[in-house]
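These notes are about the structure you will find just below.
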Amino acid sequence: MKATNQHMVNARRRRLVMIIERGTHRDAPVARPAVRADRTAVIFRSELDYIRRCILDRSDIETGGQLFGYWTEDGTPVVLYAIGPGPRANHQQAFFNQDVDYLVTVGRALKSRYGLHHIGEWHSHHRLGLARPSGHDARTMNSTIREKNLGRFLLCIGNCTAATATVGAFLCDGSSCADMGWSVVEAESPVRPFADSQMDGILVHPSSRPSAPRRQEAGERPDYAPGYWLREKGSAAVLNDIIAYVRASSGGKDVRPLLNGSGEVVLRVGSGRVYEDILFPAGFPARAPELLKYTDGTLVVRRRPSVWSATKEGILPAFKSFYENRI
Ligand SMILES: [Zn+2]
């Protein structure tokens, strides 16, 4: 964000949090449990896709919205419903202000009808090349948390190319904002269909469509997520080694590399009714790959290794160990 807009944005953000807090946190206890450093944020797939679609709607300008849900007893944020920009939101190259009337109207309905709290915010750094909260983002959020005694708040930052969008989760506690990582529930949020139908006419939805993992056409340059490991020189050879290894150890099953709508590679092993996907998430190899098994289109198993440690040079041996121990 530009320094010249700092005061205005600060004031708007404070007002925005204050408005929602008046309605949602009046009865909440002030003391909240300490947050562990290895915590992840829980989000339903439908809500992550919703945010990504909002980002893709405005892929070269800032946009944003709010996250609604609750905190578990151990301090884990659970996102059950996300909103995007209201009709009078202010979108600029390096800052975004939500339409406050929109936020208040929707926030109150989500609180009174579904008991959801305003637990976080998201905004997009579109193609600015910054996948973290800016220094200004962190200072603004943390001073608001201290002033309003919120304890903590979830701040999510989006990035995109023309066709793919990623969203990172950060937990701000009044002094700093730490990278959280997601635990994605592979399902539609139970709140989404009810809230969408009951607030039909009020809600403004994104127009971009989510895309399923798909095969790259011949000659097509893969549109990887910003900062994705396969953008680095030499990494394609590592992926080819992984594909060859999976092919050899899966007994001749079909193994296809696909690209999902977040610009992440998925290896699909098998076809027809039963198949498994190996996801190489944004943040790989620091983040572990994930194994997802599907039967008749339904996710039946999802597994992340409990131990994962891979340097850039040691991706293949780490992957082999993960894949051998996957069941
Ligand atoms: Zn920002």
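Residues in the structure tokens are named by chain (A, B, ... in the order shown) and by number from 1 within that chain; ligands are numbered from 1 in the order shown.
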### Query
What lies within 9 Å of stretch 103-109 of chain A using only C-alpha atoms, ignoring chain neighbours under 2 positions off, as an MDAnalysis selection string?
chainID A and resid 16 19:20 23:24 65:66 68 83 85:86 98:101 111:118 195 199 202:203
Proximity of chain A to ligand 1: per-residue shortest pair, 9 Å limit, only C-alpha atoms and all ligand atoms, as a Markdown table:
| residue | atom | partner | partner_atom_place_in_ligand_line | distance |
| --- | --- | --- | --- | --- |
| A:Met1 | CA | ligand 1 | 1 (Zn) | 6.4 |
| A:Glu62 | CA | ligand 1 | 1 (Zn) | 8.4 |
| A:Ala94 | CA | ligand 1 | 1 (Zn) | 7.4 |
| A:Phe95 | CA | ligand 1 | 1 (Zn) | 6.8 |
| A:Phe96 | CA | ligand 1 | 1 (Zn) | 8.3 |
| A:Trp122 | CA | ligand 1 | 1 (Zn) | 8.8 |
| A:His123 | CA | ligand 1 | 1 (Zn) | 6.4 |
| A:Ser124 | CA | ligand 1 | 1 (Zn) | 6.9 |
| A:His125 | CA | ligand 1 | 1 (Zn) | 6.0 |
| A:Leu130 | CA | ligand 1 | 1 (Zn) | 8.3 |
| A:Arg132 | CA | ligand 1 | 1 (Zn) | 7.8 |
| A:Pro133 | CA | ligand 1 | 1 (Zn) | 5.3 |
| A:Ser134 | CA | ligand 1 | 1 (Zn) | 5.2 |
| A:Gly135 | CA | ligand 1 | 1 (Zn) | 8.3 |
| A:His136 | CA | ligand 1 | 1 (Zn) | 7.3 |
| A:Asp137 | CA | ligand 1 | 1 (Zn) | 5.1 |
| A:Ala138 | CA | ligand 1 | 1 (Zn) | 8.4 |
| A:Ile157 | CA | ligand 1 | 1 (Zn) | 7.0 |
| A:Gly158 | CA | ligand 1 | 1 (Zn) | 9.0 |
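Minimum distance to A:Val300 across A:Glu186, A:Glu264, A:Glu220, A:Glu47 (counting only C-alpha atoms) occurs at A:Glu186.
Across the model, the gap from atom CA of A:Phe319 to atom CA of A:Tyr245 is 9.6 Å.
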### Query
Using only C-alpha atoms, which residues sit within 9 Å of A:Ala286 once same-chain residues fewer than 6 positions away are excluded, as an MDAnalysis selection string?
chainID A and resid 308:312
Would you save the residues of that selection, restricted to N, CA and C atoms, as a short mmCIF file (atom, residue, chain, number, x, y, z; two decimals), in the first residue's frame?
data_model
loop_
_atom_site.label_atom_id
_atom_site.label_comp_id
_atom_site.auth_asym_id
_atom_site.auth_seq_id
_atom_site.Cartn_x
_atom_site.Cartn_y
_atom_site.Cartn_z
N TRP A 308 7.75 -34.95 7.19
CA TRP A 308 8.16 -34.58 5.83
C TRP A 308 9.29 -33.57 5.93
N SER A 309 10.37 -33.88 5.28
CA SER A 309 11.48 -32.95 5.26
C SER A 309 12.21 -33.14 3.94
N ALA A 310 12.15 -32.15 3.08
CA ALA A 310 12.82 -32.28 1.79
C ALA A 310 13.55 -31.00 1.45
N THR A 311 14.81 -31.13 1.12
CA THR A 311 15.54 -30.00 0.57
C THR A 311 15.28 -30.01 -0.93
N LYS A 312 15.65 -28.96 -1.63
CA LYS A 312 15.44 -28.91 -3.07
C LYS A 312 16.18 -30.04 -3.77
#
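Nearest-residue note for A:Ser208: choosing from A:Ser189, A:Ala41, A:Ala165, A:Tyr102, the minimum distance belongs to A:Ala165, counting only C-alpha atoms.
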### Message
Please extract the residues of stretch 102-246 of chain A with a backbone DSSP assignment of alpha helix (DSSP H) and present them as a PyMOL selection string.
### Response
chain A and resi 102-114+135-148+192-198+235-246
### Message
I want to know what sits within 10 Å of A:Phe284, based on only C-alpha atoms, with residues of the same chain fewer than 2 positions away left out; could you give that as a ChimeraX atom specification?
### Response
/A:227-230,264,279-282,286-289,310-312,315
Selected residues written out with C-alpha atoms, as a PDB file, in the first residue's frame:
ATOM      1  CA  GLY A 227       6.639 -18.854  -6.752  1.00  0.00           C
ATOM      2  CA  TYR A 228       5.706 -22.464  -7.556  1.00  0.00           C
ATOM      3  CA  TRP A 229       8.633 -24.915  -7.370  1.00  0.00           C
ATOM      4  CA  LEU A 230       8.212 -25.987 -11.017  1.00  0.00           C
ATOM      5  CA  GLU A 264      -0.539 -26.624  -8.592  1.00  0.00           C
ATOM      6  CA  LEU A 279      -1.067 -32.993  -4.933  1.00  0.00           C
ATOM      7  CA  PHE A 280       2.103 -30.917  -4.926  1.00  0.00           C
ATOM      8  CA  PRO A 281       0.810 -27.863  -3.063  1.00  0.00           C
ATOM      9  CA  ALA A 282       2.027 -24.279  -3.328  1.00  0.00           C
ATOM     10  CA  ALA A 286       8.835 -27.067   2.198  1.00  0.00           C
ATOM     11  CA  ARG A 287       5.214 -28.226   2.400  1.00  0.00           C
ATOM     12  CA  ALA A 288       4.507 -31.929   2.045  1.00  0.00           C
ATOM     13  CA  PRO A 289       2.675 -33.515  -0.889  1.00  0.00           C
ATOM     14  CA  ALA A 310      12.816 -32.282   1.788  1.00  0.00           C
ATOM     15  CA  THR A 311      15.538 -30.000   0.566  1.00  0.00           C
ATOM     16  CA  LYS A 312      15.442 -28.906  -3.065  1.00  0.00           C
ATOM     17  CA  ILE A 315      12.896 -34.115  -3.323  1.00  0.00           C
TER      18      ILE A 315
END
### Those in stretch 57-206 of chain A with strand (DSSP E or B) from DSSP, as JSON, numbers by chain
{"A": [64, 65, 66, 67, 68, 69, 70, 71, 77, 78, 79, 80, 81, 82, 90, 91, 96, 97, 117, 118, 119, 120, 121, 122, 123, 124, 153, 154, 155, 156, 157, 158, 159, 160, 165, 166, 167, 168, 169, 170, 171, 172, 177, 178, 179, 182, 183, 184, 185]}
### Query
Near A:Ser143, within 9 Å and counting only C-alpha atoms, which residues show up once chain neighbours fewer than 4 positions away are dropped, as an MDAnalysis selection string?
chainID A and resid 14 138:139 147:148 174:175
### Task
Could you jot down the atom CA of A:Gln216 to atom CA of A:Thr298 separation for me, Å, one decimal place?
23.7 Å
### Task
Quick one: everything within 8 Å of stretch 254-257 of chain A, counting only C-alpha atoms, minus sequence neighbours fewer than 2 positions away in the same chain. Send it as a list in words.
Arg215, Ile243, Val246, Arg247, Gly252, Leu259, Val265, Val266, Leu267, Arg268, Val269, Gly270 and Ser271 of chain A
Residue selection dump (N, CA and C atoms) as a PDB file, in the first residue's frame:
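Below is the file that was written, result-v7.pdb:
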ATOM      1  N   ARG A 215      -5.483 -31.440 -17.914  1.00  0.00           N
ATOM      2  CA  ARG A 215      -4.250 -31.759 -18.620  1.00  0.00           C
ATOM      3  C   ARG A 215      -3.814 -30.550 -19.460  1.00  0.00           C
ATOM      4  N   ILE A 243       7.252 -38.883 -11.754  1.00  0.00           N
ATOM      5  CA  ILE A 243       6.228 -39.544 -12.572  1.00  0.00           C
ATOM      6  C   ILE A 243       6.684 -40.950 -12.959  1.00  0.00           C
ATOM      7  N   VAL A 246       6.420 -43.215  -9.913  1.00  0.00           N
ATOM      8  CA  VAL A 246       5.031 -43.582  -9.570  1.00  0.00           C
ATOM      9  C   VAL A 246       4.496 -44.599 -10.577  1.00  0.00           C
ATOM     10  N   ARG A 247       4.808 -44.396 -11.846  1.00  0.00           N
ATOM     11  CA  ARG A 247       4.382 -45.341 -12.885  1.00  0.00           C
ATOM     12  C   ARG A 247       4.928 -46.734 -12.601  1.00  0.00           C
ATOM     13  N   GLY A 252       1.788 -50.311 -13.460  1.00  0.00           N
ATOM     14  CA  GLY A 252       1.357 -50.015 -14.821  1.00  0.00           C
ATOM     15  C   GLY A 252       0.091 -49.194 -14.921  1.00  0.00           C
ATOM     16  N   LEU A 259      -2.947 -29.887 -13.996  1.00  0.00           N
ATOM     17  CA  LEU A 259      -2.746 -28.613 -13.308  1.00  0.00           C
ATOM     18  C   LEU A 259      -4.093 -28.160 -12.760  1.00  0.00           C
ATOM     19  N   VAL A 265       0.412 -28.712  -9.394  1.00  0.00           N
ATOM     20  CA  VAL A 265       0.396 -29.956 -10.147  1.00  0.00           C
ATOM     21  C   VAL A 265      -0.226 -31.070  -9.319  1.00  0.00           C
ATOM     22  N   VAL A 266      -1.061 -31.853  -9.977  1.00  0.00           N
ATOM     23  CA  VAL A 266      -1.684 -33.027  -9.388  1.00  0.00           C
ATOM     24  C   VAL A 266      -1.316 -34.210 -10.278  1.00  0.00           C
ATOM     25  N   LEU A 267      -0.778 -35.267  -9.698  1.00  0.00           N
ATOM     26  CA  LEU A 267      -0.559 -36.496 -10.465  1.00  0.00           C
ATOM     27  C   LEU A 267      -1.760 -37.386 -10.257  1.00  0.00           C
ATOM     28  N   ARG A 268      -2.469 -37.710 -11.315  1.00  0.00           N
ATOM     29  CA  ARG A 268      -3.637 -38.585 -11.190  1.00  0.00           C
ATOM     30  C   ARG A 268      -3.213 -40.006 -11.542  1.00  0.00           C
ATOM     31  N   VAL A 269      -3.359 -40.893 -10.561  1.00  0.00           N
ATOM     32  CA  VAL A 269      -2.931 -42.279 -10.726  1.00  0.00           C
ATOM     33  C   VAL A 269      -4.174 -43.155 -10.834  1.00  0.00           C
ATOM     34  N   GLY A 270      -4.314 -43.827 -11.994  1.00  0.00           N
ATOM     35  CA  GLY A 270      -5.509 -44.642 -12.219  1.00  0.00           C
ATOM     36  C   GLY A 270      -6.552 -43.814 -12.929  1.00  0.00           C
ATOM     37  N   SER A 271      -7.640 -44.485 -13.300  1.00  0.00           N
ATOM     38  CA  SER A 271      -8.710 -43.774 -13.991  1.00  0.00           C
ATOM     39  C   SER A 271     -10.005 -44.528 -13.764  1.00  0.00           C
TER      40      SER A 271
END
### Query
Using only C-alpha atoms, which of A:Asn142, A:Ser183, A:Thr295, A:Ser59 sits nearest A:Leu154?
A:Asn142
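When atom CA of A:Arg303 is paired with atom CA of A:Leu291, their separation reads 5.0 Å.
Proximity of A:Arg52, A:Arg45, A:Arg127, A:Arg39 to A:Pro226, computed with only C-alpha atoms, is greatest for A:Arg127.
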